[in-house]
Structure formats: structure tokens, C-alpha cells
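As C-alpha cells, the structure follows; a few thoughts come after it.
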Amino acid sequence: MFEIKYEIFEDHISRLRVIDIQTFNKDYDQIYGCFTLIVNGIEYLQFPSPEMRLETKHIFSEVILTHFEFLIEAYFELIIGDYIALKYIENPWTWLEFIRNGNSLIVNEYHHDKFCQQALITDREFLVNADNRGIVNQTITWDEFENELVRKTKELLSVIEQTNHNIIQAPCFSKIKDFSNRLS
């Protein structure tokens, strides 16, 4: 089972409703909220409880568009290759690894102290001595990964368009829109 779970902060949505595209491009250029991936019931990045107050949820703030962009890049890399590791946006030592074998994906989460400038790595050797944490050798199908990524990408675009149809034309949505259109 593979699930992408996100929530755009309520206060962010209320600002997005009334913003024009020029201001959005200048001041935002990103969507903030909570984000996690769930692999066979194990969360990669803690997701706050629904009962939590908005002020507390802000502690879990993530750059939702960047997470989607990384997953899209991983998707295309796994079409042509069999390996990719994604660095967690908020720190340089947490990595999520995907290994493709036919229709199966093995997913691992690692803690690695070795600094790397790149956010996506296709060199398997980089994580060889890293500590495996959280998600360990969890297998999902390629179809689960692809279907969830396509479904949640389209859902996110729909939410943004319903919130403010003007900002959907912002350049920051280009990669996500291209992906969604390509796989429609």
C-alpha cells in the first residue's frame, strides 16, 4: 500500500483565494501544509493529528509542491532506471530510497551523515553505509506508486484551481501540470 497524504493549511488557503498571480509568483511560489508518504502503514514524515490546532500544525509545515516534484522526478527516473534516492527537503541526512524490480518497488528510509548537495541520487553506493530507519525493505507495486502519484497530483491541481483558478497558471505548477497532462 502506498499513499500520499497532504493538507494545505487553512490560513494558506484563505490567502490563496484572494491573491492575484503576480503577488503569488512574487511572495509565495509554493504551497505549504502537511505532507507524508505512507508505505505499508509506515509514515515517512510525521503527519499531525486532525484534532490538532492550526498553530500547532504549522510545526509540521512542508513545501508540498517540492515533495510532488521530487516524486515526479523519481517516477521518470524509475521508468528508465531501477534506482533513486530522494533527500528530505528539510534536512540533509534523511533519504527515501526506491529500488525498482519489474512491477515491484522496494522502499527504504535512511539516515546518512554524509553531506550531498543533490536532492536526488541515482548512485546506489551513496547510501551503502547509511542507517536504515522507519521504512525498511517495504515492497509496493509500481502500479500503486504510479496510480497514487497521478491521482494525488490531479487532486492537488483541482484543489488549487478551485481555490483560485488564476494562480494555477503560475510557473511553480508547470512540472506538476505537465506530469498530470502527460499521464491523462
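Residues in the C-alpha cells are named by chain (A, B, ... in the order shown) and by number from 1 within that chain; ligands are numbered from 1 in the order shown.
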
Point to revise | Close residues, Met1 of chain A itself excluded, 10 Å, only C-alpha atoms, min 5 positions apart in chain, as an MDAnalysis selection string | key: chainID A and resid 38:42 138:141 144:145 148

Point to revise | Selection: 6 Å around Arg100 of chain A, only C-alpha atoms, excl. self and same-chain fewer than 4 positions, as number ranges by chain | key: A: 82, 104-105

Practice item. Kindly indicate which residue among A:Phe35, A:Tyr75, A:Phe173, A:Phe179 lies nearest to Asp143 of chain A, using only C-alpha atoms for the distances. Key: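 The closest residue to Asp143 of chain A is A:Tyr75.
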
Within 9 Å of segment 155-167 of chain A: each segment 2-52 of chain A residue with its shortest pair, only C-alpha atoms, as JSON lines:
{"residue": "A:Tyr6", "atom": "CA", "partner": "A:Leu156", "partner_atom": "CA", "distance": 8.9}
{"residue": "A:Ile13", "atom": "CA", "partner": "A:Thr163", "partner_atom": "CA", "distance": 6.9}
{"residue": "A:Ser14", "atom": "CA", "partner": "A:Thr163", "partner_atom": "CA", "distance": 8.4}
{"residue": "A:Leu16", "atom": "CA", "partner": "A:Asn164", "partner_atom": "CA", "distance": 6.5}
{"residue": "A:Arg17", "atom": "CA", "partner": "A:Asn164", "partner_atom": "CA", "distance": 5.2}
{"residue": "A:Val18", "atom": "CA", "partner": "A:Asn164", "partner_atom": "CA", "distance": 7.4}
{"residue": "A:Ile19", "atom": "CA", "partner": "A:Asn164", "partner_atom": "CA", "distance": 7.9}
{"residue": "A:Asp20", "atom": "CA", "partner": "A:Ile167", "partner_atom": "CA", "distance": 6.9}
{"residue": "A:Ile21", "atom": "CA", "partner": "A:Ile167", "partner_atom": "CA", "distance": 5.0}
{"residue": "A:Gln22", "atom": "CA", "partner": "A:Ile167", "partner_atom": "CA", "distance": 8.6}
{"residue": "A:Phe24", "atom": "CA", "partner": "A:Ile167", "partner_atom": "CA", "distance": 7.0}
{"residue": "A:Asn25", "atom": "CA", "partner": "A:Ile167", "partner_atom": "CA", "distance": 8.3}

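Assigned to helix (DSSP H, G or I) in segment 38-119 of chain A, given DSSP computed from backbone atoms, are Leu54, Glu55, Thr56, Lys57, His58, Ile59, Phe60, Ile64, Leu65, Thr66, His67, Phe68, Glu69, Phe70, Leu71, Ile72, Glu73, Ala74, Tyr75, Phe76, Glu77, Leu78, Ile79 and Ile80 of chain A.
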
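The residues of segment 64-178 of chain A that DSSP assigns to strand (DSSP E or B) on this backbone come out as Tyr83, Ile84, Ala85, Leu86, Lys87, Thr94, Trp95, Leu96, Glu97, Phe98, Ile99, Arg100, Asn101, Ser104, Leu105, Ile106, Val107, Asn108, Glu109, Tyr110, His111, Leu120, Ile121, Asp131, Asn132, Gln138, Thr139, Ile140 and Thr141 of chain A.
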
Check your understanding: Using only C-alpha atoms, which of A:Phe47, A:Phe68, A:Phe60, A:Phe98 sits nearest Gln30 of chain A?
Key -> A:Phe68

Exercise for review: Write out as a VMD selection string which residues come within 7 Å of His111 of chain A when counting only C-alpha atoms, dropping same-chain ones fewer than 2 positions away.
Suggested key: chain A and resid 93 to 95 113 130 to 133
